[in-house]
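Here the structure is laid out as structure tokens; the discussion comes afterwards.
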Amino acid sequence: MNRIPVFEVIDQRPLADNESPPPSSVFRPLPGDECSIALTDIRLQIPAADCSLSAWFRGDTDRDLAFVLGEADCTVDRGLEAVVADMRPGELREFCVGDGHGGRITGRVRLSAVRKAAGGASWRGDDRLKLTEAARQKDAGNRLYGQGRFADAFHRFNRAARAVLFVRDLDAVRTDRDAMYVAVCNNMAACQLQLGNYEHARQLSGKALAVDPSNVKALVRRCRAAAELRMFDGALVDAVRALDIEPGNAVAERYRDVAARGVDAQNARYGDMVKKMFA
């Protein structure tokens, strides 16, 4: 299985600092807050593949940055976000973050200032705003998927799913909520297929089908995942169902044929085994 790293904080520790006053607040930043930081002493300890994707790390140069917490789109940036999320304004820390594949970046980060999100994280208390947030995260995931960044796209789709799952008054927004949930589960399944994680893809497609049993995308993706797992009986059922709904679907036809051949081969092996048992 190709593990999808959330982030990798290998080490972090506060540093005594005579150049600035002590932290000015007991409050730490929350997702959605704009953080101003200063990065110094950056070293690529072990070449990190994610550096080419990072919005923050560029070689070993010092830099001042402003970013919205929770919006990082690669593993090393998500690692630094995790460090910053545990800091207070004015604090200085030494850190080591990884890219999930053995790469490491070390340095120091100072959280210079935090500007709270307008109205706080107001979307968390409003079901319609939760769906708007989910759509924003889904769109960002689609862009990353189109760039071939399947692991990073998965994180965005997962954020969209979390926003949808926290809808409180389900009856009031059920149609929109269900449509969004099915879409992001399908998208997460597509990412897992691209990464070769077929069991995860099968489960995610199943979640979409639990809400919308006739969703062709979910049927086809579950069929493909099951076929790759050599679960040919289930793959054939899903392929036939998808083709009943959408005749001529090329992917469903392909995996129907793969599944049918797999079922025939399994039946033939079973028949041979029975013959040998009673020979």
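Numbering starts fresh at 1 for the residues of each chain in the structure tokens, the chains themselves are lettered A, B, ... in the order given, and ligands are numbered from 1 as they appear.
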
List as a count of residues only the protein and nucleic acid residues near stretch 53-68 of chain A, meaning an atom at most 10 Å away when only C-alpha atoms are counted, but skip any in the same chain fewer than 6 places from it. 37

Which residues come within 12 Å of A:Asp176, counting only C-alpha atoms, excluding same-chain residues fewer than 3 positions away, as an MDAnalysis selection string? chainID A and resid 127:132 134:135 164 167 170:173 179:183

Restrict the selected residues to N, CA, C and O atoms and save them as a PDB file, in the first residue's frame.
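Result went into result_38.pdb, see below:
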ATOM      1  N   ASP A 127     -24.458  25.316   8.351  1.00  0.00           N
ATOM      2  CA  ASP A 127     -24.459  24.157   7.454  1.00  0.00           C
ATOM      3  C   ASP A 127     -24.262  24.551   5.998  1.00  0.00           C
ATOM      4  O   ASP A 127     -23.573  23.843   5.251  1.00  0.00           O
ATOM      5  N   ARG A 128     -24.857  25.662   5.571  1.00  0.00           N
ATOM      6  CA  ARG A 128     -24.670  26.092   4.180  1.00  0.00           C
ATOM      7  C   ARG A 128     -23.218  26.487   3.932  1.00  0.00           C
ATOM      8  O   ARG A 128     -22.643  26.193   2.878  1.00  0.00           O
ATOM      9  N   LEU A 129     -22.616  27.164   4.902  1.00  0.00           N
ATOM     10  CA  LEU A 129     -21.219  27.542   4.749  1.00  0.00           C
ATOM     11  C   LEU A 129     -20.299  26.316   4.773  1.00  0.00           C
ATOM     12  O   LEU A 129     -19.248  26.308   4.148  1.00  0.00           O
ATOM     13  N   LYS A 130     -20.696  25.273   5.495  1.00  0.00           N
ATOM     14  CA  LYS A 130     -19.920  24.035   5.468  1.00  0.00           C
ATOM     15  C   LYS A 130     -19.898  23.450   4.062  1.00  0.00           C
ATOM     16  O   LYS A 130     -18.856  22.973   3.584  1.00  0.00           O
ATOM     17  N   LEU A 131     -21.037  23.483   3.389  1.00  0.00           N
ATOM     18  CA  LEU A 131     -21.096  22.965   2.025  1.00  0.00           C
ATOM     19  C   LEU A 131     -20.299  23.856   1.064  1.00  0.00           C
ATOM     20  O   LEU A 131     -19.667  23.361   0.128  1.00  0.00           O
ATOM     21  N   THR A 132     -20.320  25.160   1.314  1.00  0.00           N
ATOM     22  CA  THR A 132     -19.506  26.067   0.496  1.00  0.00           C
ATOM     23  C   THR A 132     -18.022  25.780   0.695  1.00  0.00           C
ATOM     24  O   THR A 132     -17.242  25.754  -0.263  1.00  0.00           O
ATOM     25  N   ALA A 134     -16.775  22.912   1.645  1.00  0.00           N
ATOM     26  CA  ALA A 134     -16.514  21.620   1.010  1.00  0.00           C
ATOM     27  C   ALA A 134     -16.299  21.788  -0.491  1.00  0.00           C
ATOM     28  O   ALA A 134     -15.402  21.167  -1.074  1.00  0.00           O
ATOM     29  N   ALA A 135     -17.105  22.622  -1.128  1.00  0.00           N
ATOM     30  CA  ALA A 135     -16.957  22.852  -2.566  1.00  0.00           C
ATOM     31  C   ALA A 135     -15.613  23.512  -2.881  1.00  0.00           C
ATOM     32  O   ALA A 135     -14.962  23.173  -3.874  1.00  0.00           O
ATOM     33  N   VAL A 164     -18.424  18.224   5.193  1.00  0.00           N
ATOM     34  CA  VAL A 164     -19.758  17.683   4.925  1.00  0.00           C
ATOM     35  C   VAL A 164     -20.257  16.841   6.100  1.00  0.00           C
ATOM     36  O   VAL A 164     -21.426  16.906   6.482  1.00  0.00           O
ATOM     37  N   VAL A 167     -22.177  18.483   9.048  1.00  0.00           N
ATOM     38  CA  VAL A 167     -23.485  19.119   8.884  1.00  0.00           C
ATOM     39  C   VAL A 167     -24.402  18.676  10.014  1.00  0.00           C
ATOM     40  O   VAL A 167     -24.489  17.488  10.338  1.00  0.00           O
ATOM     41  N   LEU A 170     -29.292  17.839   8.971  1.00  0.00           N
ATOM     42  CA  LEU A 170     -29.165  17.098   7.724  1.00  0.00           C
ATOM     43  C   LEU A 170     -30.404  17.232   6.854  1.00  0.00           C
ATOM     44  O   LEU A 170     -30.308  17.356   5.628  1.00  0.00           O
ATOM     45  N   ASP A 171     -31.577  17.228   7.445  1.00  0.00           N
ATOM     46  CA  ASP A 171     -32.807  17.297   6.663  1.00  0.00           C
ATOM     47  C   ASP A 171     -32.898  18.589   5.856  1.00  0.00           C
ATOM     48  O   ASP A 171     -33.456  18.601   4.755  1.00  0.00           O
ATOM     49  N   ALA A 172     -32.336  19.666   6.378  1.00  0.00           N
ATOM     50  CA  ALA A 172     -32.455  20.962   5.704  1.00  0.00           C
ATOM     51  C   ALA A 172     -31.587  21.053   4.461  1.00  0.00           C
ATOM     52  O   ALA A 172     -31.896  21.817   3.536  1.00  0.00           O
ATOM     53  N   VAL A 173     -30.502  20.294   4.419  1.00  0.00           N
ATOM     54  CA  VAL A 173     -29.563  20.406   3.281  1.00  0.00           C
ATOM     55  C   VAL A 173     -29.232  19.028   2.705  1.00  0.00           C
ATOM     56  O   VAL A 173     -28.203  18.847   2.085  1.00  0.00           O
ATOM     57  N   ALA A 179     -25.064  14.977  -2.394  1.00  0.00           N
ATOM     58  CA  ALA A 179     -24.363  15.126  -3.671  1.00  0.00           C
ATOM     59  C   ALA A 179     -22.889  15.434  -3.447  1.00  0.00           C
ATOM     60  O   ALA A 179     -22.012  14.874  -4.127  1.00  0.00           O
ATOM     61  N   MET A 180     -22.594  16.305  -2.480  1.00  0.00           N
ATOM     62  CA  MET A 180     -21.202  16.652  -2.204  1.00  0.00           C
ATOM     63  C   MET A 180     -20.460  15.457  -1.610  1.00  0.00           C
ATOM     64  O   MET A 180     -19.310  15.175  -1.978  1.00  0.00           O
ATOM     65  N   TYR A 181     -21.109  14.748  -0.691  1.00  0.00           N
ATOM     66  CA  TYR A 181     -20.459  13.592  -0.056  1.00  0.00           C
ATOM     67  C   TYR A 181     -20.119  12.524  -1.087  1.00  0.00           C
ATOM     68  O   TYR A 181     -19.007  11.974  -1.090  1.00  0.00           O
ATOM     69  N   VAL A 182     -21.046  12.232  -1.976  1.00  0.00           N
ATOM     70  CA  VAL A 182     -20.798  11.234  -3.019  1.00  0.00           C
ATOM     71  C   VAL A 182     -19.651  11.687  -3.921  1.00  0.00           C
ATOM     72  O   VAL A 182     -18.765  10.895  -4.274  1.00  0.00           O
ATOM     73  N   ALA A 183     -19.643  12.962  -4.286  1.00  0.00           N
ATOM     74  CA  ALA A 183     -18.595  13.477  -5.178  1.00  0.00           C
ATOM     75  C   ALA A 183     -17.214  13.354  -4.558  1.00  0.00           C
ATOM     76  O   ALA A 183     -16.263  12.902  -5.210  1.00  0.00           O
TER      77      ALA A 183
END

Given the choices A:Val237, A:Val216, A:Val84, A:Ile4, which gets closest to A:Gly100 if the distance is worked out from only C-alpha atoms? A:Ile4

Compare A:Leu219, A:Val240, A:Ala85, A:Tyr145 by their minimum atom-to-atom distance to A:Lys207, counting only C-alpha atoms, and give me the closest one. A:Leu219

Got a sec to tell me which of stretch 140-276 of chain A DSSP assigns to helix (DSSP H, G or I), as JSON, numbers by chain? {"A": [140, 141, 142, 143, 144, 145, 146, 150, 151, 152, 153, 154, 155, 156, 157, 158, 159, 160, 161, 162, 163, 164, 165, 170, 171, 172, 173, 174, 175, 176, 177, 178, 179, 180, 181, 182, 183, 184, 185, 186, 187, 188, 189, 190, 191, 192, 193, 194, 198, 199, 200, 201, 202, 203, 204, 205, 206, 207, 208, 209, 210, 211, 216, 217, 218, 219, 220, 221, 222, 223, 224, 225, 226, 227, 228, 232, 233, 234, 235, 236, 237, 238, 239, 240, 241, 242, 243, 244, 245, 250, 251, 252, 253, 254, 255, 256, 257, 258, 259, 260, 261, 262, 263, 264, 265, 266, 267, 268, 269, 270, 271, 272, 273, 274, 275, 276]}

Using only C-alpha atoms, I'd like a table of the residues in stretch 38-128 of chain A that come within 12 Å of stretch 159-162 of chain A; for each, show the closest atom pair and its distance in Å rounded to one decimal, ordered by chain and ascending number, as a tab-separated table.
residue	atom	partner	partner_atom	distance
A:Gly70	CA	A:Arg159	CA	9.6
A:Glu71	CA	A:Arg159	CA	10.2
A:Ala72	CA	A:Arg159	CA	11.8
A:Asp73	CA	A:Arg159	CA	11.8
A:Arg124	CA	A:Arg162	CA	10.6

Would you put the residues from that selection into a file with N, CA, C and O atoms, as a short mmCIF file (atom, residue, chain, number, x, y, z; two decimals), in the first residue's frame?
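What landed in selection-v1.cif:
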data_model
loop_
_atom_site.label_atom_id
_atom_site.label_comp_id
_atom_site.auth_asym_id
_atom_site.auth_seq_id
_atom_site.Cartn_x
_atom_site.Cartn_y
_atom_site.Cartn_z
N GLY A 70 -3.77 25.74 7.40
CA GLY A 70 -4.68 24.71 6.91
C GLY A 70 -4.79 24.64 5.41
O GLY A 70 -5.53 23.82 4.87
N GLU A 71 -4.02 25.48 4.69
CA GLU A 71 -4.13 25.54 3.23
C GLU A 71 -2.91 24.96 2.52
O GLU A 71 -2.80 25.08 1.30
N ALA A 72 -2.01 24.32 3.23
CA ALA A 72 -0.79 23.78 2.60
C ALA A 72 -1.14 22.62 1.68
O ALA A 72 -2.05 21.84 1.94
N ASP A 73 -0.37 22.49 0.60
CA ASP A 73 -0.66 21.48 -0.41
C ASP A 73 0.50 20.54 -0.70
O ASP A 73 0.57 19.96 -1.77
N ARG A 124 -17.93 26.72 10.37
CA ARG A 124 -18.14 25.53 11.18
C ARG A 124 -19.49 25.53 11.88
O ARG A 124 -19.98 24.49 12.31
#

Applying 9 Å and only C-alpha atoms, which residues near A:Ala225 remain after dropping the ones on its own chain fewer than 3 positions away? List them as a list in words.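 The residues satisfying every condition are Leu193, Gly196, Asn197, Tyr198, Glu199, His200, Ala201, Arg202, Val220, Arg221, Arg222, Glu228, Leu229, Arg230, Met231 and Ala235 of chain A.
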
File dump, residues just selected, all heavy atoms, as a CSV table (one decimal), in the first residue's frame:
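For reference, result_1.csv as written:
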chain,number,residue,atom,x,y,z
A,193,LEU,N,-7.1,4.8,-6.3
A,193,LEU,CA,-6.8,4.0,-7.5
A,193,LEU,C,-5.5,4.4,-8.2
A,193,LEU,O,-4.7,3.5,-8.6
A,193,LEU,CB,-8.0,4.1,-8.5
A,193,LEU,CG,-9.3,3.3,-8.1
A,193,LEU,CD1,-10.4,3.7,-9.1
A,193,LEU,CD2,-9.1,1.8,-8.1
A,196,GLY,N,-2.7,3.0,-6.4
A,196,GLY,CA,-2.6,1.6,-6.2
A,196,GLY,C,-3.1,1.0,-4.9
A,196,GLY,O,-2.9,-0.1,-4.6
A,197,ASN,N,-3.9,1.8,-4.2
A,197,ASN,CA,-4.5,1.4,-2.9
A,197,ASN,C,-5.9,0.9,-3.1
A,197,ASN,O,-6.9,1.6,-2.9
A,197,ASN,CB,-4.4,2.6,-1.9
A,197,ASN,CG,-3.0,3.0,-1.6
A,197,ASN,OD1,-2.1,2.2,-1.6
A,197,ASN,ND2,-2.8,4.3,-1.2
A,198,TYR,N,-6.0,-0.3,-3.7
A,198,TYR,CA,-7.3,-0.7,-4.2
A,198,TYR,C,-8.3,-1.0,-3.1
A,198,TYR,O,-9.5,-0.8,-3.3
A,198,TYR,CB,-7.1,-2.0,-5.1
A,198,TYR,CG,-6.1,-1.7,-6.2
A,198,TYR,CD1,-4.9,-2.3,-6.4
A,198,TYR,CD2,-6.5,-0.7,-7.2
A,198,TYR,CE1,-4.1,-2.1,-7.4
A,198,TYR,CE2,-5.6,-0.4,-8.2
A,198,TYR,CZ,-4.4,-1.1,-8.3
A,198,TYR,OH,-3.6,-0.8,-9.4
A,199,GLU,N,-7.9,-1.5,-2.0
A,199,GLU,CA,-8.9,-1.8,-0.9
A,199,GLU,C,-9.5,-0.5,-0.4
A,199,GLU,O,-10.7,-0.4,-0.1
A,199,GLU,CB,-8.2,-2.6,0.3
A,199,GLU,CG,-9.1,-2.9,1.4
A,199,GLU,CD,-10.4,-3.6,1.0
A,199,GLU,OE1,-10.3,-4.4,0.1
A,199,GLU,OE2,-11.5,-3.4,1.6
A,200,HIS,N,-8.6,0.5,-0.2
A,200,HIS,CA,-9.2,1.8,0.2
A,200,HIS,C,-10.1,2.4,-0.9
A,200,HIS,O,-11.1,3.0,-0.5
A,200,HIS,CB,-8.0,2.8,0.5
A,200,HIS,CG,-7.2,2.6,1.7
A,200,HIS,ND1,-7.8,2.1,2.8
A,200,HIS,CD2,-5.9,2.7,2.0
A,200,HIS,CE1,-6.9,1.9,3.8
A,200,HIS,NE2,-5.7,2.3,3.3
A,201,ALA,N,-9.7,2.2,-2.1
A,201,ALA,CA,-10.6,2.7,-3.2
A,201,ALA,C,-11.9,2.0,-3.2
A,201,ALA,O,-13.0,2.6,-3.4
A,201,ALA,CB,-9.9,2.5,-4.5
A,202,ARG,N,-11.9,0.7,-2.9
A,202,ARG,CA,-13.2,-0.1,-2.9
A,202,ARG,C,-14.1,0.4,-1.7
A,202,ARG,O,-15.3,0.5,-1.9
A,202,ARG,CB,-12.8,-1.6,-2.7
A,202,ARG,CG,-14.0,-2.5,-2.9
A,202,ARG,CD,-13.6,-4.0,-2.8
A,202,ARG,NE,-13.2,-4.3,-1.4
A,202,ARG,CZ,-14.1,-4.7,-0.5
A,202,ARG,NH1,-15.4,-4.9,-0.9
A,202,ARG,NH2,-13.8,-5.0,0.7
A,220,VAL,N,-18.2,1.9,-11.1
A,220,VAL,CA,-17.1,1.6,-12.0
A,220,VAL,C,-15.8,1.6,-11.2
A,220,VAL,O,-14.9,0.7,-11.4
A,220,VAL,CB,-17.0,2.6,-13.1
A,220,VAL,CG1,-15.6,2.5,-13.9
A,220,VAL,CG2,-18.1,2.4,-14.1
A,221,ARG,N,-15.6,2.5,-10.3
A,221,ARG,CA,-14.4,2.5,-9.4
A,221,ARG,C,-14.3,1.3,-8.5
A,221,ARG,O,-13.3,0.8,-8.3
A,221,ARG,CB,-14.3,3.9,-8.7
A,221,ARG,CG,-13.9,5.0,-9.7
A,221,ARG,CD,-14.0,6.4,-9.2
A,221,ARG,NE,-13.7,7.3,-10.3
A,221,ARG,CZ,-13.9,8.6,-10.3
A,221,ARG,NH1,-14.4,9.2,-9.2
A,221,ARG,NH2,-13.7,9.3,-11.4
A,222,ARG,N,-15.5,1.0,-7.9
A,222,ARG,CA,-15.5,-0.2,-7.0
A,222,ARG,C,-15.2,-1.5,-7.8
A,222,ARG,O,-14.5,-2.4,-7.4
A,222,ARG,CB,-16.8,-0.3,-6.2
A,222,ARG,CG,-16.7,-1.4,-5.2
A,222,ARG,CD,-17.9,-1.3,-4.2
A,222,ARG,NE,-19.1,-1.7,-4.9
A,222,ARG,CZ,-20.3,-1.9,-4.2
A,222,ARG,NH1,-20.4,-1.6,-2.9
A,222,ARG,NH2,-21.4,-2.3,-4.8
A,228,GLU,N,-8.9,-5.5,-9.4
A,228,GLU,CA,-7.4,-5.5,-9.1
A,228,GLU,C,-7.1,-6.3,-7.9
A,228,GLU,O,-6.0,-6.9,-7.8
A,228,GLU,CB,-7.0,-4.1,-8.9
A,228,GLU,CG,-7.1,-3.1,-10.1
A,228,GLU,CD,-6.1,-3.4,-11.2
A,228,GLU,OE1,-5.2,-4.3,-11.0
A,228,GLU,OE2,-6.2,-2.8,-12.2
A,229,LEU,N,-8.1,-6.5,-7.0
A,229,LEU,CA,-8.0,-7.3,-5.8
A,229,LEU,C,-8.3,-8.8,-6.1
A,229,LEU,O,-8.3,-9.6,-5.1
A,229,LEU,CB,-8.8,-6.8,-4.7
A,229,LEU,CG,-8.4,-5.4,-4.1
A,229,LEU,CD1,-9.5,-4.8,-3.2
A,229,LEU,CD2,-7.1,-5.5,-3.3
A,230,ARG,N,-8.7,-9.1,-7.3
A,230,ARG,CA,-9.1,-10.4,-7.7
A,230,ARG,C,-10.4,-10.9,-7.1
A,230,ARG,O,-10.6,-12.1,-6.8
A,230,ARG,CB,-7.9,-11.4,-7.5
A,230,ARG,CG,-6.6,-11.0,-8.2
A,230,ARG,CD,-5.6,-12.1,-8.1
A,230,ARG,NE,-6.0,-13.3,-8.8
A,230,ARG,CZ,-5.9,-13.5,-10.2
A,230,ARG,NH1,-5.4,-12.5,-10.9
A,230,ARG,NH2,-6.2,-14.6,-10.7
A,231,MET,N,-11.2,-9.9,-6.7
A,231,MET,CA,-12.5,-10.2,-6.2
A,231,MET,C,-13.5,-10.1,-7.4
A,231,MET,O,-14.3,-9.2,-7.5
A,231,MET,CB,-12.9,-9.2,-5.1
A,231,MET,CG,-11.9,-9.2,-3.9
A,231,MET,SD,-12.1,-7.8,-2.8
A,231,MET,CE,-13.7,-8.1,-2.1
A,235,ALA,N,-16.8,-7.6,-8.7
A,235,ALA,CA,-16.4,-6.7,-9.8
A,235,ALA,C,-17.4,-6.9,-10.9
A,235,ALA,O,-17.9,-5.9,-11.6
A,235,ALA,CB,-15.0,-7.0,-10.3

Between atom CA of A:Ala208 and atom CA of A:Asn186, what is the distance in Å, rounded to a tenth?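 Interatomic distance here is 6.5 Å.
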
Selected residue of minimal separation from A:Val184 among A:Ala151, A:Ile46, A:Ala218, A:Val97, counting only C-alpha atoms: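 Residue with the minimum atom-to-atom distance to A:Val184: A:Ala218.
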
Determine which residues of stretch 37-272 of chain A receive a DSSP assignment of strand (DSSP E), computed from the backbone, and state them as a PyMOL selection string. chain A and resi 37-46+63-68+92-98+104-115

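Omitting A:Arg156 and its sequence neighbours fewer than 2 positions away, and counting only C-alpha atoms, the residues within 7 Å are Gln137, Lys138, Ala140, Gly141, Asp152, Ala153, Phe154, Asn158, Arg159 and Ala160 of chain A.
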